[in-house]
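Trainee: My file is protein_15.txt. It has compact mmCIF, C-alpha atoms:
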```txt
# COMPACT_ATOMS: atom_id res chain seq x y z
CA MET A 1 -114.18 -87.71 125.49
CA PHE A 2 -116.32 -90.84 125.18
CA PHE A 3 -115.59 -94.56 125.01
CA GLU A 4 -118.42 -96.93 124.17
CA SER A 5 -118.98 -100.64 124.63
CA HIS A 6 -121.88 -103.08 124.56
CA PHE A 7 -122.39 -105.20 127.64
CA SER A 8 -123.99 -108.60 127.17
CA THR A 9 -123.34 -112.15 128.30
CA THR A 10 -122.39 -112.90 124.69
CA ASN A 11 -119.74 -110.18 124.40
CA LEU A 12 -118.59 -110.61 128.01
CA PRO A 13 -119.38 -114.21 129.02
CA PHE A 14 -117.90 -113.82 132.51
CA LEU A 15 -120.76 -111.46 133.44
CA ALA A 16 -123.12 -114.45 133.49
CA ASP A 17 -121.21 -115.60 136.57
CA HIS A 18 -122.31 -112.59 138.64
CA ARG A 19 -125.99 -112.74 139.55
CA ILE A 20 -128.37 -111.51 142.22
CA TYR A 21 -131.51 -113.62 142.43
CA GLU A 22 -130.53 -115.09 139.04
CA LYS A 23 -130.35 -111.64 137.43
CA VAL A 24 -127.06 -110.74 135.75
CA VAL A 25 -125.70 -107.70 137.59
CA VAL A 26 -122.51 -105.90 136.62
CA PRO A 27 -120.41 -105.38 139.78
CA GLY A 28 -118.95 -101.99 140.65
CA ALA A 29 -115.51 -103.55 140.16
CA SER A 30 -116.30 -103.84 136.45
CA HIS A 31 -116.81 -100.08 136.24
CA ILE A 32 -113.37 -99.55 137.78
CA SER A 33 -111.87 -101.90 135.19
CA LEU A 34 -113.62 -99.91 132.47
CA LEU A 35 -112.19 -96.65 133.82
CA LEU A 36 -108.69 -98.17 133.89
CA ALA A 37 -109.11 -99.17 130.24
CA ALA A 38 -110.14 -95.62 129.35
CA ALA A 39 -107.15 -94.30 131.30
CA SER A 40 -104.77 -96.50 129.29
CA LEU A 41 -106.04 -94.86 126.10
CA THR A 42 -105.90 -91.34 127.52
CA LEU A 43 -102.94 -90.92 129.88
CA PRO A 44 -99.26 -91.07 128.83
CA THR A 45 -98.31 -93.54 131.59
CA THR A 46 -99.59 -96.95 132.68
CA ALA A 47 -99.92 -96.00 136.33
CA CYS A 48 -102.94 -93.89 137.21
CA GLN A 49 -105.13 -92.91 140.12
CA LEU A 50 -108.91 -92.92 140.53
CA GLU A 51 -110.43 -90.85 143.32
CA ASP A 52 -113.83 -90.38 144.95
CA ILE A 53 -115.45 -93.27 143.10
CA LEU A 54 -119.16 -93.69 143.74
CA PHE A 55 -121.51 -96.46 142.60
CA PRO A 56 -124.91 -94.69 142.62
CA GLN A 57 -126.91 -97.33 140.74
CA ALA A 58 -126.54 -101.00 139.86
CA LEU A 59 -126.40 -102.15 136.23
CA ALA A 60 -128.44 -105.21 135.25
CA ILE A 61 -127.95 -107.02 131.94
CA PRO A 62 -130.74 -109.11 130.36
CA ASP A 63 -129.70 -112.67 129.53
CA GLN A 64 -130.76 -112.28 125.91
CA GLY A 65 -130.10 -108.56 125.51
CA SER A 66 -127.44 -105.91 125.94
CA ARG A 67 -126.79 -102.47 127.35
CA THR A 68 -124.82 -99.72 125.66
CA VAL A 69 -122.22 -98.53 128.17
CA GLN A 70 -120.16 -95.36 127.84
CA VAL A 71 -117.25 -93.90 129.76
CA ALA A 72 -117.28 -90.10 129.70
CA LEU A 73 -114.06 -88.24 130.57
CA THR A 74 -114.15 -84.46 131.05
CA PRO A 75 -110.83 -82.56 131.42
CA GLN A 76 -110.48 -80.60 134.69
CA ASP A 77 -107.10 -78.92 135.19
CA SER A 78 -104.63 -81.80 135.59
CA SER A 79 -107.28 -84.51 135.95
CA TYR A 80 -110.49 -85.80 134.42
CA SER A 81 -113.93 -86.19 135.90
CA CYS A 82 -115.37 -89.50 134.79
CA GLN A 83 -118.70 -91.25 134.56
CA VAL A 84 -119.85 -94.71 133.56
CA ILE A 85 -123.26 -94.44 131.89
CA SER A 86 -125.57 -97.01 130.32
CA PHE A 87 -128.43 -96.74 127.84
CA ASP A 88 -131.31 -99.17 127.42
CA ASP A 89 -132.62 -99.19 123.84
CA SER A 90 -135.57 -101.40 124.75
CA LEU A 91 -136.84 -98.84 127.27
CA GLU A 92 -136.40 -96.02 124.76
CA SER A 93 -138.46 -97.91 122.20
CA HIS A 94 -141.20 -98.66 124.71
CA THR A 95 -141.43 -95.17 126.13
CA HIS A 96 -141.39 -93.59 122.68
CA LYS A 97 -144.80 -95.12 122.09
CA LEU A 98 -146.07 -93.79 125.42
CA SER A 99 -144.86 -90.20 125.08
CA ASN A 100 -147.49 -87.58 124.31
CA ASN A 101 -145.39 -85.28 122.15
CA GLY A 102 -143.63 -87.96 120.13
CA ASN A 103 -140.19 -86.97 121.34
CA GLN A 104 -138.01 -89.93 122.21
CA ALA A 105 -136.63 -89.71 125.74
CA ASP A 106 -133.05 -90.57 126.68
CA PHE A 107 -133.24 -93.39 129.22
CA TRP A 108 -129.82 -93.59 130.71
CA ALA A 109 -128.38 -94.27 134.14
CA VAL A 110 -125.13 -93.34 135.87
CA HIS A 111 -123.39 -96.32 137.45
CA ALA A 112 -120.06 -94.84 138.54
CA THR A 113 -118.54 -91.40 139.00
CA GLY A 114 -115.08 -90.27 140.05
CA LYS A 115 -111.87 -88.50 139.10
CA LEU A 116 -108.96 -89.80 137.02
CA ALA A 117 -105.39 -88.52 137.17
CA LEU A 118 -101.74 -89.50 136.95
CA THR A 119 -100.34 -90.89 140.18
CA LYS A 120 -97.25 -89.82 142.08
CA ALA A 121 -97.44 -92.79 144.43
CA GLU A 122 -94.35 -94.98 144.50
CA GLN A 123 -94.61 -98.71 143.92
CA SER A 124 -93.31 -100.16 147.18
CA LEU A 125 -92.55 -103.76 148.12
CA ILE A 126 -94.96 -105.61 150.40
CA ALA A 127 -93.50 -107.76 153.20
CA LEU A 128 -95.60 -110.90 152.72
CA GLU A 129 -93.98 -112.81 155.58
CA GLU A 130 -94.87 -110.09 158.10
CA ILE A 131 -98.50 -110.26 157.04
CA GLN A 132 -98.48 -114.05 157.23
CA ASP A 133 -97.14 -113.85 160.79
CA ARG A 134 -100.22 -111.82 161.78
CA CYS A 135 -102.84 -113.71 159.78
CA LEU A 136 -102.69 -117.20 161.28
CA THR A 137 -106.30 -118.42 161.23
CA LYS A 138 -106.88 -120.32 158.02
CA ILE A 139 -110.40 -120.69 156.67
CA ASP A 140 -111.60 -122.53 153.60
CA ASN A 141 -112.44 -120.38 150.60
CA THR A 142 -115.71 -122.29 150.29
CA GLU A 143 -116.87 -120.61 153.52
CA VAL A 144 -116.55 -117.22 151.86
CA TYR A 145 -118.40 -118.23 148.72
CA GLN A 146 -121.10 -120.14 150.61
CA TYR A 147 -121.68 -117.06 152.78
CA ILE A 148 -122.18 -114.98 149.63
CA TRP A 149 -124.33 -117.63 147.91
CA ASP A 150 -126.61 -117.95 150.94
CA ARG A 151 -127.48 -114.28 150.44
CA GLN A 152 -128.72 -114.92 146.90
CA ILE A 153 -125.60 -113.46 145.30
CA GLN A 154 -124.60 -116.22 142.90
CA LEU A 155 -120.94 -116.14 141.89
CA GLY A 156 -119.80 -118.53 139.18
CA GLN A 157 -116.25 -119.76 138.64
CA SER A 158 -115.16 -116.62 136.76
CA PHE A 159 -115.64 -114.59 139.95
CA ARG A 160 -113.91 -117.07 142.26
CA TRP A 161 -110.27 -116.01 142.29
CA ILE A 162 -109.76 -116.53 146.03
CA GLU A 163 -107.87 -119.81 146.60
CA GLN A 164 -106.88 -119.59 150.26
CA VAL A 165 -107.77 -117.29 153.16
CA TRP A 166 -105.99 -116.43 156.41
CA LEU A 167 -107.56 -114.20 159.06
CA GLY A 168 -105.86 -111.90 161.53
CA GLU A 169 -107.08 -109.18 163.88
CA GLY A 170 -109.17 -106.95 161.61
CA GLU A 171 -107.23 -108.07 158.54
CA VAL A 172 -107.30 -110.87 155.99
CA LEU A 173 -104.79 -112.30 153.52
CA CYS A 174 -106.06 -114.05 150.38
CA GLN A 175 -104.12 -116.03 147.82
CA MET A 176 -105.54 -115.35 144.36
CA LYS A 177 -105.44 -117.48 141.22
CA VAL A 178 -106.92 -117.00 137.75
CA PRO A 179 -109.88 -119.40 137.34
CA GLN A 180 -109.76 -121.78 134.39
CA THR A 181 -112.93 -120.19 133.00
CA VAL A 182 -111.16 -116.83 132.60
CA TRP A 183 -109.12 -117.05 129.42
CA ASP A 184 -108.90 -113.34 128.57
CA ALA A 185 -107.36 -111.87 131.75
CA THR A 186 -104.41 -110.39 129.83
CA LYS A 187 -106.77 -108.25 127.72
CA TYR A 188 -107.49 -106.03 130.71
CA GLN A 189 -105.43 -103.65 132.80
CA LEU A 190 -107.13 -105.45 135.69
CA HIS A 191 -109.81 -108.03 135.00
CA PRO A 192 -113.20 -106.98 136.46
CA ALA A 193 -113.55 -110.30 138.29
CA LEU A 194 -110.10 -109.88 139.85
CA ILE A 195 -111.05 -106.48 141.26
CA ASP A 196 -114.36 -107.89 142.47
CA SER A 197 -112.56 -110.81 144.15
CA CYS A 198 -110.41 -108.29 146.01
CA PHE A 199 -113.60 -106.61 147.19
CA GLN A 200 -114.96 -110.02 148.20
CA SER A 201 -112.18 -110.26 150.78
CA ILE A 202 -114.15 -107.93 153.07
CA VAL A 203 -116.68 -110.76 153.43
CA ALA A 204 -114.01 -112.76 155.27
CA LEU A 205 -113.71 -109.89 157.75
CA ASP A 206 -117.44 -110.15 158.38
CA LEU A 207 -117.62 -113.93 158.75
CA SER A 208 -116.57 -114.01 162.39
CA GLN A 209 -118.89 -111.23 163.55
CA SER A 210 -121.94 -111.49 161.31
CA ASP A 211 -125.20 -112.15 163.16
CA ASP A 212 -127.51 -111.61 160.20
CA ASN A 213 -128.20 -114.46 157.81
CA ASN A 214 -129.50 -112.20 155.06
CA GLU A 215 -127.41 -109.04 154.76
CA THR A 216 -123.91 -108.69 153.39
CA PHE A 217 -121.53 -105.82 152.70
CA VAL A 218 -121.86 -104.24 149.26
CA PRO A 219 -119.25 -101.74 147.93
CA PHE A 220 -120.62 -98.21 147.88
CA SER A 221 -117.60 -96.00 147.23
CA VAL A 222 -113.81 -95.89 146.99
CA GLU A 223 -111.78 -92.92 148.17
CA LYS A 224 -108.69 -93.80 146.14
CA PHE A 225 -107.74 -96.58 143.70
CA ILE A 226 -104.12 -96.58 142.50
CA PHE A 227 -103.17 -98.80 139.57
CA TYR A 228 -99.47 -99.52 139.09
CA LYS A 229 -99.12 -102.25 136.47
CA ARG A 230 -100.74 -105.27 134.90
CA PRO A 231 -100.23 -108.45 136.94
CA GLN A 232 -97.83 -111.09 135.66
CA PRO A 233 -99.05 -114.69 135.18
CA GLY A 234 -98.99 -116.64 138.43
CA LEU A 235 -100.31 -116.34 141.95
CA LEU A 236 -101.41 -113.01 143.38
CA TRP A 237 -101.95 -111.88 146.96
CA CYS A 238 -104.68 -109.65 148.32
CA PHE A 239 -104.23 -108.09 151.75
CA THR A 240 -107.25 -106.34 153.26
CA ARG A 241 -107.31 -104.42 156.50
CA ALA A 242 -110.30 -102.83 158.21
CA SER A 243 -109.95 -99.11 158.89
CA GLN A 244 -108.92 -98.06 162.38
CA ASP A 245 -111.67 -95.43 162.35
CA LYS A 246 -114.69 -96.06 164.54
CA GLN A 247 -117.12 -97.99 162.37
CA ALA A 248 -120.86 -98.48 162.52
CA LYS A 249 -122.25 -101.99 162.43
CA GLU A 250 -123.96 -101.28 159.11
CA ARG A 251 -120.81 -100.01 157.39
CA LEU A 252 -117.28 -101.22 156.78
CA LYS A 253 -114.29 -99.25 155.60
CA ALA A 254 -111.16 -101.07 154.47
CA ASP A 255 -107.87 -100.69 152.60
CA ILE A 256 -106.70 -103.30 150.08
CA GLN A 257 -103.32 -104.12 148.54
CA LEU A 258 -103.02 -106.42 145.52
CA PHE A 259 -99.47 -107.64 144.87
CA ASP A 260 -97.59 -110.41 143.07
CA GLN A 261 -95.36 -113.22 144.31
CA ASP A 262 -92.37 -110.86 144.44
CA GLY A 263 -94.21 -108.39 146.68
CA GLN A 264 -94.61 -105.83 143.87
CA LEU A 265 -97.79 -103.80 144.16
CA VAL A 266 -100.24 -104.21 141.29
CA ALA A 267 -102.98 -101.99 142.72
CA GLN A 268 -103.88 -100.33 145.99
CA VAL A 269 -107.28 -99.34 147.35
CA SER A 270 -107.67 -96.75 150.10
CA GLY A 271 -111.04 -96.22 151.76
CA LEU A 272 -113.24 -98.88 150.22
CA GLN A 273 -116.59 -98.21 151.87
CA ALA A 274 -119.20 -100.94 151.96
CA ARG A 275 -122.70 -100.90 153.39
CA LYS A 276 -124.85 -103.76 154.53
CA ALA A 277 -127.72 -104.58 152.22
CA ASN A 278 -129.97 -107.54 151.67
CA PRO A 279 -130.45 -108.99 148.18
CA GLU A 280 -134.14 -108.08 148.15
CA THR A 281 -133.23 -104.41 148.44
CA LEU A 282 -130.67 -104.75 145.66
CA LEU A 283 -133.20 -106.53 143.49
CA MET A 284 -135.72 -103.71 143.87
CA THR A 285 -133.23 -101.28 142.33
CA LEU A 286 -132.91 -103.53 139.28
CA GLU A 287 -136.59 -103.82 138.37
CA PRO A 288 -137.85 -100.51 136.98
CA ASP A 289 -141.62 -100.21 136.78
CA LEU A 290 -142.48 -98.13 133.74
CA SER A 291 -145.95 -97.45 135.11
CA ASP A 292 -144.31 -95.27 137.78
CA TRP A 293 -142.27 -93.25 135.29
CA PHE A 294 -145.12 -91.32 133.67
CA TYR A 295 -147.70 -89.16 135.37
CA GLU A 296 -150.59 -87.01 134.31
CA ILE A 297 -152.39 -84.32 136.29
CA ASN A 298 -155.75 -85.54 137.56
CA TRP A 299 -157.37 -82.93 139.81
CA GLN A 300 -159.68 -84.31 142.46
CA THR A 301 -162.35 -82.39 144.36
CA GLN A 302 -161.48 -81.92 148.04
CA PRO A 303 -163.29 -79.97 150.78
CA LEU A 304 -161.60 -76.81 152.04
CA PRO A 305 -159.60 -77.31 155.24
CA SER A 306 -160.94 -75.91 158.49
CA THR A 307 -159.81 -72.31 159.09
CA SER A 308 -160.79 -71.93 162.73
CA PRO A 309 -159.08 -68.83 164.21
CA SER A 310 -158.08 -70.81 167.27
CA ASN A 311 -155.89 -73.13 165.17
CA GLY A 312 -153.62 -70.31 164.09
CA ASN A 313 -153.05 -69.21 167.68
CA GLU A 314 -152.45 -72.71 169.02
CA THR A 315 -148.96 -73.01 170.47
CA GLY A 316 -146.74 -76.03 170.98
CA ASN A 317 -143.30 -77.54 170.60
CA TRP A 318 -141.30 -77.12 167.41
CA LEU A 319 -138.41 -79.47 166.62
CA VAL A 320 -135.65 -77.52 164.88
CA PHE A 321 -133.03 -79.73 163.21
CA ALA A 322 -130.01 -77.41 162.91
CA LEU A 323 -126.25 -77.94 162.75
CA THR A 324 -125.32 -74.84 164.76
CA SER A 325 -126.66 -73.21 167.90
CA LYS A 326 -126.65 -69.84 166.14
CA LEU A 327 -129.14 -71.04 163.55
CA ALA A 328 -131.27 -72.76 166.21
CA GLU A 329 -131.35 -69.57 168.31
CA LEU A 330 -132.40 -67.51 165.30
CA ILE A 331 -135.32 -69.81 164.54
CA GLY A 332 -136.10 -70.09 168.26
CA LYS A 333 -136.52 -66.32 168.63
CA GLU A 334 -138.99 -66.23 165.75
CA LEU A 335 -140.99 -69.09 167.25
CA ALA A 336 -140.88 -67.63 170.77
CA GLN A 337 -142.41 -64.38 169.51
CA LYS A 338 -145.44 -66.42 168.47
CA GLY A 339 -145.60 -68.28 171.77
CA HIS A 340 -143.99 -71.51 170.60
CA ASN A 341 -141.29 -73.57 172.29
CA CYS A 342 -138.15 -74.35 170.25
CA ILE A 343 -136.34 -77.67 170.79
CA TRP A 344 -132.98 -77.84 169.04
CA VAL A 345 -131.96 -81.21 167.54
CA SER A 346 -128.33 -81.66 166.48
CA PRO A 347 -126.61 -84.72 164.94
CA GLY A 348 -124.34 -86.88 167.07
CA SER A 349 -123.20 -90.43 167.68
CA GLU A 350 -125.88 -91.34 170.24
CA TYR A 351 -129.21 -90.23 171.67
CA GLN A 352 -128.85 -87.64 174.45
CA GLN A 353 -130.88 -84.89 176.05
CA LEU A 354 -128.18 -82.27 176.57
CA ASP A 355 -130.56 -79.83 178.25
CA ALA A 356 -134.26 -78.98 178.34
CA GLN A 357 -134.13 -77.38 174.88
CA HIS A 358 -131.44 -79.45 173.18
CA TYR A 359 -131.38 -83.08 171.99
CA GLN A 360 -128.69 -84.97 170.12
CA ILE A 361 -129.49 -87.99 167.92
CA ASN A 362 -127.71 -90.29 165.49
CA PRO A 363 -129.24 -89.56 162.05
CA THR A 364 -128.67 -93.16 160.87
CA VAL A 365 -130.66 -94.80 163.69
CA ALA A 366 -134.42 -94.69 163.02
CA LYS A 367 -135.37 -95.70 166.57
CA GLN A 368 -133.80 -92.52 167.95
CA PHE A 369 -136.23 -90.39 165.93
CA GLN A 370 -139.10 -92.37 167.42
CA GLN A 371 -137.66 -91.82 170.89
CA LEU A 372 -137.37 -88.09 170.19
CA LEU A 373 -141.06 -87.87 169.31
CA GLN A 374 -142.03 -89.90 172.36
CA ASP A 375 -140.02 -87.64 174.66
CA ASN A 376 -141.58 -84.48 173.24
CA ALA A 377 -145.36 -84.46 173.22
CA GLU A 378 -147.63 -82.04 171.35
CA ILE A 379 -145.30 -81.38 168.43
CA LYS A 380 -146.67 -78.39 166.55
CA GLY A 381 -144.18 -78.53 163.68
CA ILE A 382 -140.72 -79.47 162.46
CA VAL A 383 -138.04 -77.32 160.82
CA HIS A 384 -135.33 -79.39 159.09
CA LEU A 385 -132.15 -77.43 158.32
CA TRP A 386 -129.43 -80.08 158.51
CA GLY A 387 -128.80 -79.78 154.77
CA VAL A 388 -128.53 -75.97 154.67
CA ASN A 389 -125.31 -74.60 153.14
CA GLU A 390 -123.88 -78.07 152.63
CA THR A 391 -121.17 -78.40 149.96
CA ILE A 392 -119.80 -81.75 148.80
CA GLU A 393 -116.13 -82.11 147.92
CA SER A 394 -115.33 -85.72 148.81
CA VAL A 395 -116.83 -89.18 149.27
CA ASN A 396 -116.86 -88.75 153.06
CA GLU A 397 -118.71 -85.44 152.80
CA LEU A 398 -121.24 -87.00 150.43
CA GLN A 399 -121.85 -89.84 152.87
CA THR A 400 -122.33 -87.38 155.75
CA THR A 401 -124.74 -85.29 153.67
CA GLN A 402 -126.74 -88.39 152.77
CA GLU A 403 -127.01 -89.32 156.44
CA LEU A 404 -128.14 -85.82 157.42
CA GLY A 405 -130.57 -85.55 154.53
CA CYS A 406 -131.79 -88.89 153.18
CA ALA A 407 -131.64 -90.68 156.53
CA THR A 408 -133.97 -88.14 158.12
```
Using structure tokens, write down the structure from this file.

Mentor:
Amino acid sequence: MFFESHFSTTNLPFLADHRIYEKVVVPGASHISLLLAAASLTLPTTACQLEDILFPQALAIPDQGSRTVQVALTPQDSSYSCQVISFDDSLESHTHKLSNNGNQADFWAVHATGKLALTKAEQSLIALEEIQDRCLTKIDNTEVYQYIWDRQIQLGQSFRWIEQVWLGEGEVLCQMKVPQTVWDATKYQLHPALIDSCFQSIVALDLSQSDDNNETFVPFSVEKFIFYKRPQPGLLWCFTRASQDKQAKERLKADIQLFDQDGQLVAQVSGLQARKANPETLLMTLEPDLSDWFYEINWQTQPLPSTSPSNGNETGNWLVFALTSKLAELIGKELAQKGHNCIWVSPGSEYQQLDAQHYQINPTVAKQFQQLLQDNAEIKGIVHLWGVNETIESVNELQTTQELGCAT
């Protein structure tokens, strides 16, 4: 099942108010809004639930152009797997001229994935006064938007729904109001800029502890997004609380509740995961270089490598990255038969030498890999098996797999 739309600043003027280094970038919140719209045309009830949402790639829109965007829903038992995909006709036209066989390539990108289903969650009342009693430190909303602007993320009025902000201990309460520039909010289940403004609330959590004047938290995934109903005209409230789980400095996990003046839930987010990124890094993902997309084989003459018999018999230390001792022992026996020394490296929260043959390192901290190499001279080789037999069934498992694989 497919739903198609055309994204441009002409069709969707509010998108012009979301820029990174002056480039129009569609926020991940917009993809969620798109999935909710598809759900309203597919499911028999208004309420629905999105799970395991990932934002693998940003979507940039040219000021004078457009992108064809599709939502693909695939039935799976009692739910649907879903994707938000975009196509760039200008790239297809350009690359068609470059292709050798004359076949036009499909240049598309996936911007969001997840699962869609009916929800059994009950719409409970939120005790606003109890939250207000805990969130007593008032800050001006301009602090939030200046913080974002200073990091080259330019938000216009359409993306500024936050009117007032109160901070508590690891939590923040925001009063939300529809900006005057947003005249079509009732057309959506949830307006993209409203969802994005809810996500912006995590910036307030970072204001008091940020020591970097360049990086900011960018949404990466959402474990669960429950939509209950369209909001009624009037003020809205967004309550955001940081997860109680131990969190790394580079990541933030939070839960969000959006509710109306009567305390009725409009939407609820569980497990919003954000990662710190600087705008330069984000910008790099938005500027494809076509010269790097096409390759041809160009063999170059090279001298044969030295095949001295002594090299094959040379022994040394081997670093074996393995998740279990059983696997490390198996590799170690093979290496020992050839006179090599096996050093087992397992993932952990901090750098430790557990014994003479076993180190533990944090796969997300690059300096610990450097320390490992410094502490073990004459490295003969490395065997990396952290990704062996890994299966991915949830957002958390995907994040762990990325840390064990991509980070190393």

Trainee: List every protein, DNA or RNA residue that has an atom no more than 12 Å from (-115.1, -103.6, 140.6) in the file's coordinate frame, counting only C-alpha atoms, and report them as a PDB file with C-alpha atoms, keeping the file's coordinate frame.

Mentor:
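Saved as point_8.pdb:
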```pdb
ATOM      1  CA  HIS A  18    -122.310-112.590 138.640  1.00  0.00           C
ATOM      2  CA  VAL A  25    -125.700-107.700 137.590  1.00  0.00           C
ATOM      3  CA  VAL A  26    -122.510-105.900 136.620  1.00  0.00           C
ATOM      4  CA  PRO A  27    -120.410-105.380 139.780  1.00  0.00           C
ATOM      5  CA  GLY A  28    -118.950-101.990 140.650  1.00  0.00           C
ATOM      6  CA  ALA A  29    -115.510-103.550 140.160  1.00  0.00           C
ATOM      7  CA  SER A  30    -116.300-103.840 136.450  1.00  0.00           C
ATOM      8  CA  HIS A  31    -116.810-100.080 136.240  1.00  0.00           C
ATOM      9  CA  ILE A  32    -113.370 -99.550 137.780  1.00  0.00           C
ATOM     10  CA  SER A  33    -111.870-101.900 135.190  1.00  0.00           C
ATOM     11  CA  LEU A  34    -113.620 -99.910 132.470  1.00  0.00           C
ATOM     12  CA  LEU A  35    -112.190 -96.650 133.820  1.00  0.00           C
ATOM     13  CA  LEU A  36    -108.690 -98.170 133.890  1.00  0.00           C
ATOM     14  CA  ILE A  53    -115.450 -93.270 143.100  1.00  0.00           C
ATOM     15  CA  LEU A  54    -119.160 -93.690 143.740  1.00  0.00           C
ATOM     16  CA  PHE A  55    -121.510 -96.460 142.600  1.00  0.00           C
ATOM     17  CA  ALA A  58    -126.540-101.000 139.860  1.00  0.00           C
ATOM     18  CA  HIS A 111    -123.390 -96.320 137.450  1.00  0.00           C
ATOM     19  CA  ALA A 112    -120.060 -94.840 138.540  1.00  0.00           C
ATOM     20  CA  PHE A 159    -115.640-114.590 139.950  1.00  0.00           C
ATOM     21  CA  LEU A 190    -107.130-105.450 135.690  1.00  0.00           C
ATOM     22  CA  HIS A 191    -109.810-108.030 135.000  1.00  0.00           C
ATOM     23  CA  PRO A 192    -113.200-106.980 136.460  1.00  0.00           C
ATOM     24  CA  ALA A 193    -113.550-110.300 138.290  1.00  0.00           C
ATOM     25  CA  LEU A 194    -110.100-109.880 139.850  1.00  0.00           C
ATOM     26  CA  ILE A 195    -111.050-106.480 141.260  1.00  0.00           C
ATOM     27  CA  ASP A 196    -114.360-107.890 142.470  1.00  0.00           C
ATOM     28  CA  SER A 197    -112.560-110.810 144.150  1.00  0.00           C
ATOM     29  CA  CYS A 198    -110.410-108.290 146.010  1.00  0.00           C
ATOM     30  CA  PHE A 199    -113.600-106.610 147.190  1.00  0.00           C
ATOM     31  CA  GLN A 200    -114.960-110.020 148.200  1.00  0.00           C
ATOM     32  CA  VAL A 218    -121.860-104.240 149.260  1.00  0.00           C
ATOM     33  CA  PRO A 219    -119.250-101.740 147.930  1.00  0.00           C
ATOM     34  CA  PHE A 220    -120.620 -98.210 147.880  1.00  0.00           C
ATOM     35  CA  SER A 221    -117.600 -96.000 147.230  1.00  0.00           C
ATOM     36  CA  VAL A 222    -113.810 -95.890 146.990  1.00  0.00           C
ATOM     37  CA  PHE A 225    -107.740 -96.580 143.700  1.00  0.00           C
ATOM     38  CA  VAL A 269    -107.280 -99.340 147.350  1.00  0.00           C
ATOM     39  CA  LEU A 272    -113.240 -98.880 150.220  1.00  0.00           C
TER      40      LEU A 272
END
```

Trainee: Which of these residues is nearest to Ala377 of chain A, using all atoms listed in the file: A:Leu319, A:Val144, A:Ala117, A:Ala38?

Mentor: A:Leu319

Trainee: I'd like the interatomic distance between atom CA of Gln189 of chain A and atom CA of Tyr80 of chain A, to a tenth of an Å.

Mentor: 18.6 Å

Trainee: Expressed in Å to a single decimal, how great is the separation between atom CA of Arg19 of chain A and atom CA of Ala274 of chain A?

Mentor: 18.4 Å

Trainee: Counting only C-alpha atoms, figure out which residue out of A:Phe239, A:Ala366, A:Ile361, A:Lys23 gets nearest to Gln152 of chain A.

Mentor: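 Ranked by minimum distance to Gln152 of chain A, first place goes to A:Lys23.
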
Trainee: Could you check the closest approach to Ala185 of chain A for each of A:His358, A:Arg230, A:Arg134, A:Lys115 and tell me which residue wins, using only C-alpha atoms?

Mentor: A:Arg230

Trainee: In terms of the shortest atom-to-atom distance over only C-alpha atoms, which of A:Glu22, A:Asp375, A:Glu129, A:Asp77 is closest to Gln261 of chain A?

Mentor: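 The answer is A:Glu129, which sits nearest to Gln261 of chain A.
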
Trainee: Record the distance separating atom CA of Thr324 of chain A and atom CA of Gln370 of chain A, expressed in Å with one decimal.

Mentor: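 Calculated distance between atom CA of Thr324 of chain A and atom CA of Gln370 of chain A is 22.5 Å.
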
Trainee: Smallest atom-to-atom distance to Glu215 of chain A: which of A:Gln357, A:Gln232, A:Thr281, A:Ser78, using all atoms listed in the file?

Mentor: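 Smallest distance to Glu215 of chain A is found for A:Thr281.
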
Trainee: List the neighbours of Asn141 of chain A out to 10 Å using all atoms listed in the file; skip same-chain residues closer than 5 positions along the sequence, and give me the result as a PyMOL selection string.

Mentor: chain A and resi 146+160-166+174-175+204

Trainee: Using only C-alpha atoms, which residue out of A:Leu258, A:Leu173, A:Val383, A:Ile226 lies closest to Cys48 of chain A?

Mentor: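 The shortest atom-to-atom distance to Cys48 of chain A comes from A:Ile226.
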
Trainee: Contacts of segment 59-72 of chain A at 8 Å or less, counting all atoms listed in the file, minus same-chain residues fewer than 2 places along, as an NGL selection string?

Mentor: :A and (1-9 or 16 or 23-27 or 34-35 or 38 or 57 or 74 or 82-89 or 111 or 286)

Trainee: Include C-alpha atoms and write out the residues we just selected as a short mmCIF file (atom, residue, chain, number, x, y, z; two decimals), in the coordinates of the input.

Mentor:
```
data_model
loop_
_atom_site.label_atom_id
_atom_site.label_comp_id
_atom_site.auth_asym_id
_atom_site.auth_seq_id
_atom_site.Cartn_x
_atom_site.Cartn_y
_atom_site.Cartn_z
CA MET A 1 -114.18 -87.71 125.49
CA PHE A 2 -116.32 -90.84 125.18
CA PHE A 3 -115.59 -94.56 125.01
CA GLU A 4 -118.42 -96.93 124.17
CA SER A 5 -118.98 -100.64 124.63
CA HIS A 6 -121.88 -103.08 124.56
CA PHE A 7 -122.39 -105.20 127.64
CA SER A 8 -123.99 -108.60 127.17
CA THR A 9 -123.34 -112.15 128.30
CA ALA A 16 -123.12 -114.45 133.49
CA LYS A 23 -130.35 -111.64 137.43
CA VAL A 24 -127.06 -110.74 135.75
CA VAL A 25 -125.70 -107.70 137.59
CA VAL A 26 -122.51 -105.90 136.62
CA PRO A 27 -120.41 -105.38 139.78
CA LEU A 34 -113.62 -99.91 132.47
CA LEU A 35 -112.19 -96.65 133.82
CA ALA A 38 -110.14 -95.62 129.35
CA GLN A 57 -126.91 -97.33 140.74
CA THR A 74 -114.15 -84.46 131.05
CA CYS A 82 -115.37 -89.50 134.79
CA GLN A 83 -118.70 -91.25 134.56
CA VAL A 84 -119.85 -94.71 133.56
CA ILE A 85 -123.26 -94.44 131.89
CA SER A 86 -125.57 -97.01 130.32
CA PHE A 87 -128.43 -96.74 127.84
CA ASP A 88 -131.31 -99.17 127.42
CA ASP A 89 -132.62 -99.19 123.84
CA HIS A 111 -123.39 -96.32 137.45
CA LEU A 286 -132.91 -103.53 139.28
#
```
